[in-house]
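What follows is the content of run.txt (compact mmCIF, C-alpha atoms).
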```txt
# COMPACT_ATOMS: atom_id res chain seq x y z
CA MET A 1030 21.25 23.50 59.08
CA PRO A 1031 21.69 21.82 55.68
CA LEU A 1032 25.18 20.65 54.79
CA ASP A 1033 27.22 22.93 52.54
CA PRO A 1034 26.77 21.68 48.94
CA SER A 1035 30.05 23.35 47.93
CA PHE A 1036 31.81 20.27 49.43
CA VAL A 1037 30.65 18.25 46.39
CA GLY A 1038 33.71 17.26 44.38
CA ARG A 1039 36.10 17.69 47.29
CA THR A 1040 38.74 14.94 47.35
CA TYR A 1041 40.70 14.00 50.47
CA PRO A 1042 44.35 12.86 50.64
CA PRO A 1043 45.08 9.15 49.99
CA THR A 1044 44.95 6.99 53.13
CA PRO A 1045 48.04 5.13 54.35
CA SER A 1046 48.46 1.79 52.61
CA TYR A 1047 46.36 -1.13 53.96
CA GLU A 1048 47.99 -4.53 53.56
CA VAL A 1049 45.34 -7.20 52.96
CA GLY A 1050 46.23 -10.24 55.06
CA ARG A 1051 45.21 -13.87 54.55
CA GLU A 1052 44.07 -14.15 58.16
CA LYS A 1053 41.92 -11.01 57.88
CA ILE A 1054 40.23 -12.44 54.77
CA ARG A 1055 39.68 -15.75 56.61
CA GLU A 1056 38.24 -13.92 59.62
CA PHE A 1057 35.90 -11.81 57.46
CA ALA A 1058 34.85 -14.81 55.33
CA ALA A 1059 33.99 -16.80 58.48
CA ALA A 1060 31.98 -13.85 59.86
CA VAL A 1061 29.79 -13.63 56.72
CA GLY A 1062 29.47 -17.39 56.17
CA ALA A 1063 31.65 -17.41 53.04
CA THR A 1064 32.70 -21.05 52.92
CA ASP A 1065 34.38 -21.31 49.50
CA PRO A 1066 37.94 -22.61 50.02
CA ALA A 1067 39.26 -19.83 47.73
CA HIS A 1068 38.72 -17.45 50.69
CA THR A 1069 40.88 -19.52 53.02
CA ASP A 1070 43.21 -21.81 51.07
CA PRO A 1071 45.85 -20.25 48.77
CA ALA A 1072 46.14 -23.48 46.75
CA ALA A 1073 42.38 -23.54 46.11
CA ALA A 1074 42.49 -19.88 45.07
CA ARG A 1075 45.44 -20.49 42.70
CA ALA A 1076 43.60 -23.44 41.15
CA LEU A 1077 40.93 -20.91 40.10
CA GLY A 1078 43.57 -18.61 38.59
CA HIS A 1079 43.91 -16.16 41.49
CA PRO A 1080 47.30 -15.10 42.89
CA ASP A 1081 46.23 -15.67 46.54
CA VAL A 1082 43.09 -16.03 48.67
CA VAL A 1083 40.13 -13.95 47.45
CA ALA A 1084 38.25 -11.48 49.67
CA PRO A 1085 34.43 -11.67 49.81
CA PRO A 1086 32.75 -8.88 47.80
CA THR A 1087 31.90 -6.59 50.74
CA PHE A 1088 35.37 -6.93 52.34
CA PRO A 1089 36.55 -3.46 51.18
CA ILE A 1090 34.22 -1.93 53.80
CA VAL A 1091 36.96 -2.81 56.31
CA MET A 1092 39.10 -0.12 54.64
CA THR A 1093 36.54 2.29 53.24
CA MET A 1094 34.62 2.81 56.47
CA SER A 1095 37.68 4.16 58.25
CA ALA A 1096 38.78 6.05 55.12
CA GLY A 1097 35.34 7.68 54.93
CA ALA A 1098 35.86 9.05 58.43
CA GLN A 1099 37.94 11.76 56.73
CA ILE A 1100 34.67 13.12 55.36
CA ILE A 1101 32.33 12.24 58.23
CA ASP A 1102 34.69 13.75 60.82
CA ASP A 1103 35.65 16.81 58.73
CA PRO A 1104 34.75 19.66 61.11
CA ALA A 1105 34.37 22.03 58.17
CA LEU A 1106 31.56 19.86 56.75
CA GLY A 1107 30.03 19.39 60.20
CA ILE A 1108 28.17 16.06 60.01
CA ASP A 1109 26.60 15.03 63.35
CA TYR A 1110 27.59 11.35 63.39
CA SER A 1111 25.03 10.47 66.05
CA ARG A 1112 22.36 11.26 63.43
CA VAL A 1113 23.92 9.25 60.60
CA VAL A 1114 22.15 6.23 59.14
CA HIS A 1115 23.60 4.06 56.35
CA GLY A 1116 21.35 4.56 53.31
CA ASP A 1117 22.92 2.84 50.31
CA GLN A 1118 26.08 0.92 49.54
CA ARG A 1119 27.62 -0.08 46.22
CA PHE A 1120 30.82 -1.79 45.04
CA SER A 1121 32.08 -1.73 41.45
CA TYR A 1122 35.01 -4.06 40.87
CA THR A 1123 37.86 -3.79 38.39
CA ARG A 1124 39.30 -6.96 39.89
CA PRO A 1125 38.86 -8.94 43.15
CA VAL A 1126 40.79 -8.02 46.31
CA TYR A 1127 43.52 -10.56 47.12
CA ALA A 1128 45.67 -11.27 50.14
CA GLY A 1129 48.96 -9.44 49.69
CA ASP A 1130 47.36 -6.38 48.07
CA ARG A 1131 48.63 -3.09 49.44
CA LEU A 1132 45.71 -0.72 48.94
CA THR A 1133 45.08 2.98 49.41
CA CYS A 1134 41.75 4.80 49.47
CA VAL A 1135 40.97 8.18 47.96
CA CYS A 1136 37.64 9.61 49.18
CA THR A 1137 35.54 12.17 47.34
CA VAL A 1138 32.24 13.81 48.24
CA ASP A 1139 30.09 12.81 45.24
CA GLU A 1140 26.76 14.34 46.17
CA ILE A 1141 25.03 16.34 48.89
CA THR A 1142 21.26 16.78 48.81
CA SER A 1143 18.70 17.87 51.37
CA ARG A 1144 15.10 16.74 51.53
CA ALA A 1145 12.41 16.96 54.21
CA GLY A 1146 14.93 18.20 56.74
CA HIS A 1147 17.38 15.36 56.15
CA ASP A 1148 20.77 15.58 54.44
CA PHE A 1149 22.04 12.89 52.08
CA VAL A 1150 25.79 12.57 51.51
CA THR A 1151 27.24 10.21 48.91
CA THR A 1152 30.92 9.39 49.33
CA ARG A 1153 33.00 7.68 46.65
CA THR A 1154 36.15 5.80 47.57
CA GLU A 1155 38.60 4.76 44.87
CA VAL A 1156 40.52 1.75 46.16
CA ALA A 1157 43.76 1.16 44.25
CA THR A 1158 47.10 -0.56 44.77
CA GLU A 1159 50.11 1.48 45.87
CA ASP A 1160 51.23 1.33 42.22
CA GLY A 1161 47.97 2.94 41.12
CA GLU A 1162 46.20 -0.12 39.71
CA PRO A 1163 42.44 0.44 40.24
CA VAL A 1164 40.77 -2.39 42.19
CA VAL A 1165 37.31 -1.34 43.33
CA THR A 1166 35.17 1.80 43.57
CA VAL A 1167 32.93 2.02 46.64
CA TRP A 1168 29.97 4.36 47.14
CA SER A 1169 28.24 4.94 50.47
CA ARG A 1170 25.16 7.08 50.83
CA LEU A 1171 24.69 8.36 54.35
CA VAL A 1172 21.49 9.87 55.67
CA VAL A 1173 21.96 12.60 58.29
CA ARG A 1174 18.60 12.74 60.04
CA GLY A 1175 17.28 16.22 60.73
CA GLU A 1176 16.75 17.49 64.24
CA GLY A 1177 13.22 17.50 65.58
CA MET B 690 21.78 -18.82 33.92
CA GLU B 691 18.82 -17.71 31.85
CA ILE B 692 16.60 -14.65 32.00
CA GLY B 693 13.86 -15.25 34.55
CA GLU B 694 15.81 -17.98 36.33
CA ARG B 695 15.36 -17.78 40.11
CA LEU B 696 17.80 -18.44 42.90
CA PRO B 697 16.09 -20.87 45.30
CA PRO B 698 15.38 -19.04 48.60
CA HIS B 699 18.34 -19.20 50.96
CA THR B 700 17.62 -18.61 54.67
CA PHE B 701 20.27 -17.36 57.11
CA ARG B 702 19.80 -17.50 60.86
CA VAL B 703 21.16 -14.35 62.51
CA THR B 704 21.92 -14.28 66.25
CA ARG B 705 23.61 -11.78 68.54
CA ALA B 706 26.76 -13.89 68.40
CA ASP B 707 26.84 -13.42 64.61
CA LEU B 708 26.64 -9.64 65.04
CA VAL B 709 29.46 -9.62 67.58
CA ARG B 710 31.61 -11.69 65.25
CA TYR B 711 30.81 -9.43 62.29
CA ALA B 712 31.59 -6.35 64.38
CA GLY B 713 35.03 -7.75 65.15
CA ALA B 714 35.77 -8.83 61.58
CA SER B 715 34.58 -5.60 59.97
CA GLY B 716 35.70 -3.11 62.60
CA ASP B 717 32.18 -1.64 62.89
CA PHE B 718 31.66 -1.41 66.66
CA ASN B 719 28.61 0.89 66.59
CA PRO B 720 26.81 -0.05 69.85
CA ILE B 721 23.37 -0.19 68.15
CA HIS B 722 24.59 -3.59 66.89
CA TRP B 723 25.29 -5.02 70.37
CA SER B 724 23.71 -2.86 73.10
CA ASP B 725 19.93 -2.81 73.65
CA ARG B 726 20.43 0.16 75.95
CA VAL B 727 21.99 2.27 73.18
CA ALA B 728 19.72 0.91 70.42
CA THR B 729 16.50 1.77 72.27
CA LYS B 730 17.90 5.16 73.30
CA VAL B 731 18.17 6.15 69.62
CA GLY B 732 14.63 4.97 68.92
CA LEU B 733 15.24 1.46 67.57
CA PRO B 734 13.14 -1.47 68.83
CA GLY B 735 16.36 -3.19 69.95
CA VAL B 736 19.75 -4.29 68.66
CA ILE B 737 19.80 -4.41 64.86
CA ALA B 738 22.11 -6.22 62.44
CA HIS B 739 24.75 -4.21 60.59
CA GLY B 740 23.28 -3.34 57.19
CA MET B 741 26.62 -4.44 55.76
CA TYR B 742 26.16 -7.85 57.42
CA THR B 743 22.80 -8.33 55.68
CA MET B 744 24.39 -7.14 52.43
CA ALA B 745 27.22 -9.67 52.88
CA LEU B 746 24.76 -12.55 53.52
CA ALA B 747 22.75 -11.67 50.41
CA GLY B 748 26.01 -11.53 48.44
CA GLN B 749 26.95 -14.95 49.77
CA ALA B 750 23.67 -16.46 48.54
CA VAL B 751 24.34 -15.04 45.06
CA LEU B 752 27.98 -16.21 44.99
CA ALA B 753 27.06 -19.73 46.05
CA TRP B 754 24.62 -19.76 43.14
CA ALA B 755 27.18 -18.38 40.69
CA GLY B 756 29.65 -21.02 41.88
CA ASP B 757 32.59 -18.59 41.88
CA PRO B 758 33.79 -16.67 44.96
CA ALA B 759 35.17 -13.87 42.74
CA ALA B 760 32.11 -13.55 40.48
CA VAL B 761 30.87 -10.15 41.67
CA VAL B 762 31.54 -7.30 39.25
CA GLU B 763 29.04 -4.90 40.75
CA TYR B 764 26.87 -5.05 43.85
CA GLY B 765 24.64 -2.38 45.36
CA VAL B 766 21.81 -2.19 47.89
CA ARG B 767 19.62 0.27 49.75
CA PHE B 768 19.01 -0.39 53.45
CA THR B 769 15.23 -0.05 53.72
CA LYS B 770 14.36 -1.63 57.07
CA PRO B 771 16.47 -2.69 60.06
CA VAL B 772 16.88 -6.39 60.91
CA VAL B 773 16.07 -6.59 64.62
CA VAL B 774 17.98 -9.39 66.36
CA PRO B 775 16.56 -10.52 69.75
CA ASP B 776 18.89 -11.64 72.54
CA ASP B 777 17.95 -15.33 72.49
CA ASP B 778 19.22 -18.56 70.94
CA GLU B 779 16.92 -18.34 67.91
CA GLY B 780 17.76 -14.79 66.84
CA THR B 781 15.99 -14.02 63.58
CA GLU B 782 16.03 -15.18 59.97
CA VAL B 783 16.90 -13.39 56.74
CA THR B 784 15.75 -15.01 53.51
CA VAL B 785 17.45 -14.16 50.23
CA THR B 786 16.35 -14.88 46.70
CA ALA B 787 17.30 -13.43 43.32
CA VAL B 788 16.21 -13.47 39.70
CA VAL B 789 18.20 -13.10 36.49
CA LYS B 790 17.00 -9.91 34.78
CA GLY B 791 19.32 -9.93 31.78
CA PHE B 792 22.91 -9.84 30.61
CA THR B 793 25.47 -7.07 30.12
CA GLU B 794 27.41 -6.53 26.89
CA GLN B 795 30.26 -8.51 28.48
CA GLY B 796 27.88 -11.42 29.07
CA HIS B 797 27.67 -10.94 32.84
CA ALA B 798 24.34 -11.77 34.51
CA ARG B 799 22.28 -8.91 35.92
CA LEU B 800 20.45 -10.00 39.09
CA ASP B 801 17.72 -8.45 41.20
CA ILE B 802 18.02 -9.60 44.80
CA THR B 803 15.29 -9.78 47.45
CA ALA B 804 16.10 -10.04 51.17
CA THR B 805 13.31 -10.33 53.71
CA CYS B 806 13.05 -10.65 57.49
CA GLY B 807 9.68 -11.50 59.05
CA GLY B 808 8.00 -10.82 55.71
CA ASP B 809 9.46 -7.31 55.36
CA LYS B 810 11.92 -6.35 52.65
CA VAL B 811 15.14 -5.28 54.37
CA LEU B 812 17.08 -4.40 51.20
CA GLY B 813 15.79 -2.26 48.35
CA GLN B 814 17.19 -1.79 44.85
CA ALA B 815 19.48 -4.73 45.57
CA ARG B 816 21.23 -5.54 42.33
CA ALA B 817 24.34 -7.43 41.35
CA ILE B 818 26.25 -8.06 38.16
CA VAL B 819 28.09 -11.38 38.27
CA ARG B 820 30.32 -13.38 36.01
CA HIS B 821 28.80 -16.77 35.44
CA ARG B 822 30.01 -20.06 34.10
CA ALA B 823 29.11 -20.69 30.50
CA GLY B 824 26.68 -23.47 29.75
```
Please, can you express the file's structure as structure tokens?
Amino acid sequence: MPLDPSFVGRTYPPTPSYEVGREKIREFAAAVGATDPAHTDPAAARALGHPDVVAPPTFPIVMTMSAGAQIIDDPALGIDYSRVVHGDQRFSYTRPVYAGDRLTCVCTVDEITSRAGHDFVTTRTEVATEDGEPVVTVWSRLVVRGEG
Amino acid sequence: MEIGERLPPHTFRVTRADLVRYAGASGDFNPIHWSDRVATKVGLPGVIAHGMYTMALAGQAVLAWAGDPAAVVEYGVRFTKPVVVPDDDEGTEVTVTAVVKGFTEQGHARLDITATCGGDKVLGQARAIVRHRAG
């Protein structure tokens, strides 16, 4: 059954604050082969004008994937996660993510479409500091493959 | 950077160990990225790389070129084909290149990125907007 398009525009409550740690940035940078010292060494990051070590550009997925579970696991929407495939991903930055940031995510259902028996759900996550400073907007388009 | 300028191809070797490490760092423990049993059960040829891992590698190639780890203003991709990673020491290879398509009003470079594995494009509509050093 196609997903209910009336969920478009629905916004979920802000997630609990995520504190970005230096070691988490180092771990993520090592995992994606990001070797610039600004990811690991606070002095190198400060020399480039940053307040602390800089996260690689796809780092926010660490927060937004679990935040997006609010939508994916919403029983009222009824997505079958075993049929979900990641379709598209996009990040739009206001500023980089730094160690020491305390960030919250607000998720919205941006779009629901159905085509050839498959559903397409676009989620938008606004990542901002606890004080409300916008940092990055993250879109994920999920494909829910049809049965049969 | 000038319009038409090309990023020299950058090849990344991807092994199962890389996927396990990425799973831990990102928190994405979907078993299709580490279990052949689960991957084949859902119709995949075998364990595949996280799409987000491929996206991160392509981003790394672009950042190394831009020479600034905080250069990315915007970055988006479509996952068009899975990167199958065999359980051996060689794994597979993902090759990334990019071309400067133009500049935004703010002077940021607009890049089209190509990522291939075994000759197949694994990312579609892969585009980034990056700050770049003047001159």
For this session: Could you give me, as a ChimeraX atom specification, the residues within 9 Å of Gly1107 (chain A), counting only C-alpha atoms and dropping anything in the same chain fewer than 4 positions from it?
Result: /A:1032-1033,1101-1103
Please dump the current selection as a PDB file, keeping the file's coordinate frame; keep C-alpha atoms.
```pdb
ATOM      1  CA  LEU A1032      25.180  20.650  54.790  1.00  0.00           C
ATOM      2  CA  ASP A1033      27.220  22.930  52.540  1.00  0.00           C
ATOM      3  CA  ILE A1101      32.330  12.240  58.230  1.00  0.00           C
ATOM      4  CA  ASP A1102      34.690  13.750  60.820  1.00  0.00           C
ATOM      5  CA  ASP A1103      35.650  16.810  58.730  1.00  0.00           C
TER       6      ASP A1103
END
```
Exercise. Hey, what's within 8 Å of region 1050-1059 of chain A if we count only C-alpha atoms and toss same-chain stuff fewer than 3 positions away? As a ChimeraX atom specification, please?
Worked result: /A:1062-1064,1068-1069,1082-1085,1088,1128-1129 /B:711,714-715
Seminar exercise, completed: What separates CA of Thr805 (chain B) and CA of Val1150 (chain A) is a distance of 26.2 Å
Report as a PDB file with C-alpha atoms, keeping the file's coordinate frame all protein, DNA and RNA residues lying within 7 Å of region 807-816 of chain B, evaluated on only C-alpha atoms, omitting residues in the same chain fewer than 6 positions from it.
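File written: part.pdb
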```pdb
ATOM      1  CA  TYR B 764      26.870  -5.050  43.850  1.00  0.00           C
ATOM      2  CA  GLY B 765      24.640  -2.380  45.360  1.00  0.00           C
ATOM      3  CA  VAL B 766      21.810  -2.190  47.890  1.00  0.00           C
ATOM      4  CA  ARG B 767      19.620   0.270  49.750  1.00  0.00           C
ATOM      5  CA  PHE B 768      19.010  -0.390  53.450  1.00  0.00           C
ATOM      6  CA  THR B 769      15.230  -0.050  53.720  1.00  0.00           C
ATOM      7  CA  LYS B 770      14.360  -1.630  57.070  1.00  0.00           C
ATOM      8  CA  PRO B 771      16.470  -2.690  60.060  1.00  0.00           C
ATOM      9  CA  VAL B 772      16.880  -6.390  60.910  1.00  0.00           C
ATOM     10  CA  LEU B 800      20.450 -10.000  39.090  1.00  0.00           C
ATOM     11  CA  ASP B 801      17.720  -8.450  41.200  1.00  0.00           C
TER      12      ASP B 801
END
```
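Between CA of Gly1038 (chain A) and CA of Arg1119 (chain A) lies a distance of 18.5 Å.
Take CA of Met690 (chain B) and CA of Gly796 (chain B): the distance between them is 10.7 Å.
Proximity ranking of A:Pro1163, A:Asp1070, A:Phe1120, A:Pro1086 relative to Ala750 (chain B) places A:Pro1086 first, based on all atoms listed in the file.
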Starting from the incomplete input, reconstruct N, CA and C atoms of region 753-779 of chain B and write that as a PDB file, keeping the file's coordinate frame.
```
ATOM      1  N   ALA B 753      27.191 -18.272  45.988  1.00  0.00           N
ATOM      2  CA  ALA B 753      27.060 -19.730  46.050  1.00  0.00           C
ATOM      3  C   ALA B 753      26.340 -20.218  44.793  1.00  0.00           C
ATOM      4  N   TRP B 754      25.373 -19.418  44.345  1.00  0.00           N
ATOM      5  CA  TRP B 754      24.620 -19.760  43.140  1.00  0.00           C
ATOM      6  C   TRP B 754      25.506 -19.654  41.902  1.00  0.00           C
ATOM      7  N   ALA B 755      26.307 -18.585  41.843  1.00  0.00           N
ATOM      8  CA  ALA B 755      27.180 -18.380  40.690  1.00  0.00           C
ATOM      9  C   ALA B 755      28.313 -19.409  40.658  1.00  0.00           C
ATOM     10  N   GLY B 756      28.619 -19.983  41.826  1.00  0.00           N
ATOM     11  CA  GLY B 756      29.650 -21.020  41.880  1.00  0.00           C
ATOM     12  C   GLY B 756      31.062 -20.482  41.731  1.00  0.00           C
ATOM     13  N   ASP B 757      31.262 -19.193  42.030  1.00  0.00           N
ATOM     14  CA  ASP B 757      32.590 -18.590  41.880  1.00  0.00           C
ATOM     15  C   ASP B 757      32.722 -17.485  42.936  1.00  0.00           C
ATOM     16  N   PRO B 758      33.678 -17.635  43.868  1.00  0.00           N
ATOM     17  CA  PRO B 758      33.790 -16.670  44.960  1.00  0.00           C
ATOM     18  C   PRO B 758      34.252 -15.282  44.501  1.00  0.00           C
ATOM     19  N   ALA B 759      34.703 -15.170  43.248  1.00  0.00           N
ATOM     20  CA  ALA B 759      35.170 -13.870  42.740  1.00  0.00           C
ATOM     21  C   ALA B 759      34.262 -13.366  41.613  1.00  0.00           C
ATOM     22  N   ALA B 760      33.003 -13.826  41.619  1.00  0.00           N
ATOM     23  CA  ALA B 760      32.110 -13.550  40.480  1.00  0.00           C
ATOM     24  C   ALA B 760      31.567 -12.123  40.459  1.00  0.00           C
ATOM     25  N   VAL B 761      31.579 -11.425  41.609  1.00  0.00           N
ATOM     26  CA  VAL B 761      30.870 -10.150  41.670  1.00  0.00           C
ATOM     27  C   VAL B 761      31.635  -9.040  40.943  1.00  0.00           C
ATOM     28  N   VAL B 762      30.978  -8.429  39.966  1.00  0.00           N
ATOM     29  CA  VAL B 762      31.540  -7.300  39.250  1.00  0.00           C
ATOM     30  C   VAL B 762      30.978  -6.005  39.835  1.00  0.00           C
ATOM     31  N   GLU B 763      29.698  -6.058  40.170  1.00  0.00           N
ATOM     32  CA  GLU B 763      29.040  -4.900  40.750  1.00  0.00           C
ATOM     33  C   GLU B 763      27.980  -5.374  41.733  1.00  0.00           C
ATOM     34  N   TYR B 764      27.841  -4.636  42.852  1.00  0.00           N
ATOM     35  CA  TYR B 764      26.870  -5.050  43.850  1.00  0.00           C
ATOM     36  C   TYR B 764      26.436  -3.820  44.637  1.00  0.00           C
ATOM     37  N   GLY B 765      25.137  -3.544  44.639  1.00  0.00           N
ATOM     38  CA  GLY B 765      24.640  -2.380  45.360  1.00  0.00           C
ATOM     39  C   GLY B 765      23.308  -2.657  46.025  1.00  0.00           C
ATOM     40  N   VAL B 766      23.080  -2.037  47.179  1.00  0.00           N
ATOM     41  CA  VAL B 766      21.810  -2.190  47.890  1.00  0.00           C
ATOM     42  C   VAL B 766      21.415  -0.873  48.548  1.00  0.00           C
ATOM     43  N   ARG B 767      20.129  -0.788  48.876  1.00  0.00           N
ATOM     44  CA  ARG B 767      19.620   0.270  49.750  1.00  0.00           C
ATOM     45  C   ARG B 767      19.126  -0.408  51.033  1.00  0.00           C
ATOM     46  N   PHE B 768      19.446   0.188  52.172  1.00  0.00           N
ATOM     47  CA  PHE B 768      19.010  -0.390  53.450  1.00  0.00           C
ATOM     48  C   PHE B 768      17.643   0.201  53.787  1.00  0.00           C
ATOM     49  N   THR B 769      16.576  -0.600  53.628  1.00  0.00           N
ATOM     50  CA  THR B 769      15.230  -0.050  53.720  1.00  0.00           C
ATOM     51  C   THR B 769      14.595  -0.260  55.096  1.00  0.00           C
ATOM     52  N   LYS B 770      14.991  -1.336  55.778  1.00  0.00           N
ATOM     53  CA  LYS B 770      14.360  -1.630  57.070  1.00  0.00           C
ATOM     54  C   LYS B 770      15.383  -2.369  57.935  1.00  0.00           C
ATOM     55  N   PRO B 771      15.471  -2.007  59.233  1.00  0.00           N
ATOM     56  CA  PRO B 771      16.470  -2.690  60.060  1.00  0.00           C
ATOM     57  C   PRO B 771      16.071  -4.145  60.359  1.00  0.00           C
ATOM     58  N   VAL B 772      17.084  -4.999  60.501  1.00  0.00           N
ATOM     59  CA  VAL B 772      16.880  -6.390  60.910  1.00  0.00           C
ATOM     60  C   VAL B 772      17.089  -6.438  62.423  1.00  0.00           C
ATOM     61  N   VAL B 773      15.996  -6.566  63.156  1.00  0.00           N
ATOM     62  CA  VAL B 773      16.070  -6.590  64.620  1.00  0.00           C
ATOM     63  C   VAL B 773      16.455  -8.000  65.069  1.00  0.00           C
ATOM     64  N   VAL B 774      17.466  -8.088  65.935  1.00  0.00           N
ATOM     65  CA  VAL B 774      17.980  -9.390  66.360  1.00  0.00           C
ATOM     66  C   VAL B 774      17.788  -9.534  67.875  1.00  0.00           C
ATOM     67  N   PRO B 775      16.800 -10.373  68.300  1.00  0.00           N
ATOM     68  CA  PRO B 775      16.560 -10.520  69.750  1.00  0.00           C
ATOM     69  C   PRO B 775      17.711 -11.252  70.445  1.00  0.00           C
ATOM     70  N   ASP B 776      17.826 -11.016  71.746  1.00  0.00           N
ATOM     71  CA  ASP B 776      18.890 -11.640  72.540  1.00  0.00           C
ATOM     72  C   ASP B 776      18.416 -13.002  73.038  1.00  0.00           C
ATOM     73  N   ASP B 777      18.300 -13.952  72.103  1.00  0.00           N
ATOM     74  CA  ASP B 777      17.950 -15.330  72.490  1.00  0.00           C
ATOM     75  C   ASP B 777      18.676 -16.289  71.557  1.00  0.00           C
ATOM     76  N   ASP B 778      18.470 -17.577  71.740  1.00  0.00           N
ATOM     77  CA  ASP B 778      19.220 -18.560  70.940  1.00  0.00           C
ATOM     78  C   ASP B 778      18.745 -18.615  69.497  1.00  0.00           C
ATOM     79  N   GLU B 779      17.469 -18.238  69.263  1.00  0.00           N
ATOM     80  CA  GLU B 779      16.920 -18.340  67.910  1.00  0.00           C
ATOM     81  C   GLU B 779      17.335 -17.163  67.027  1.00  0.00           C
TER      82      GLU B 779
END
```
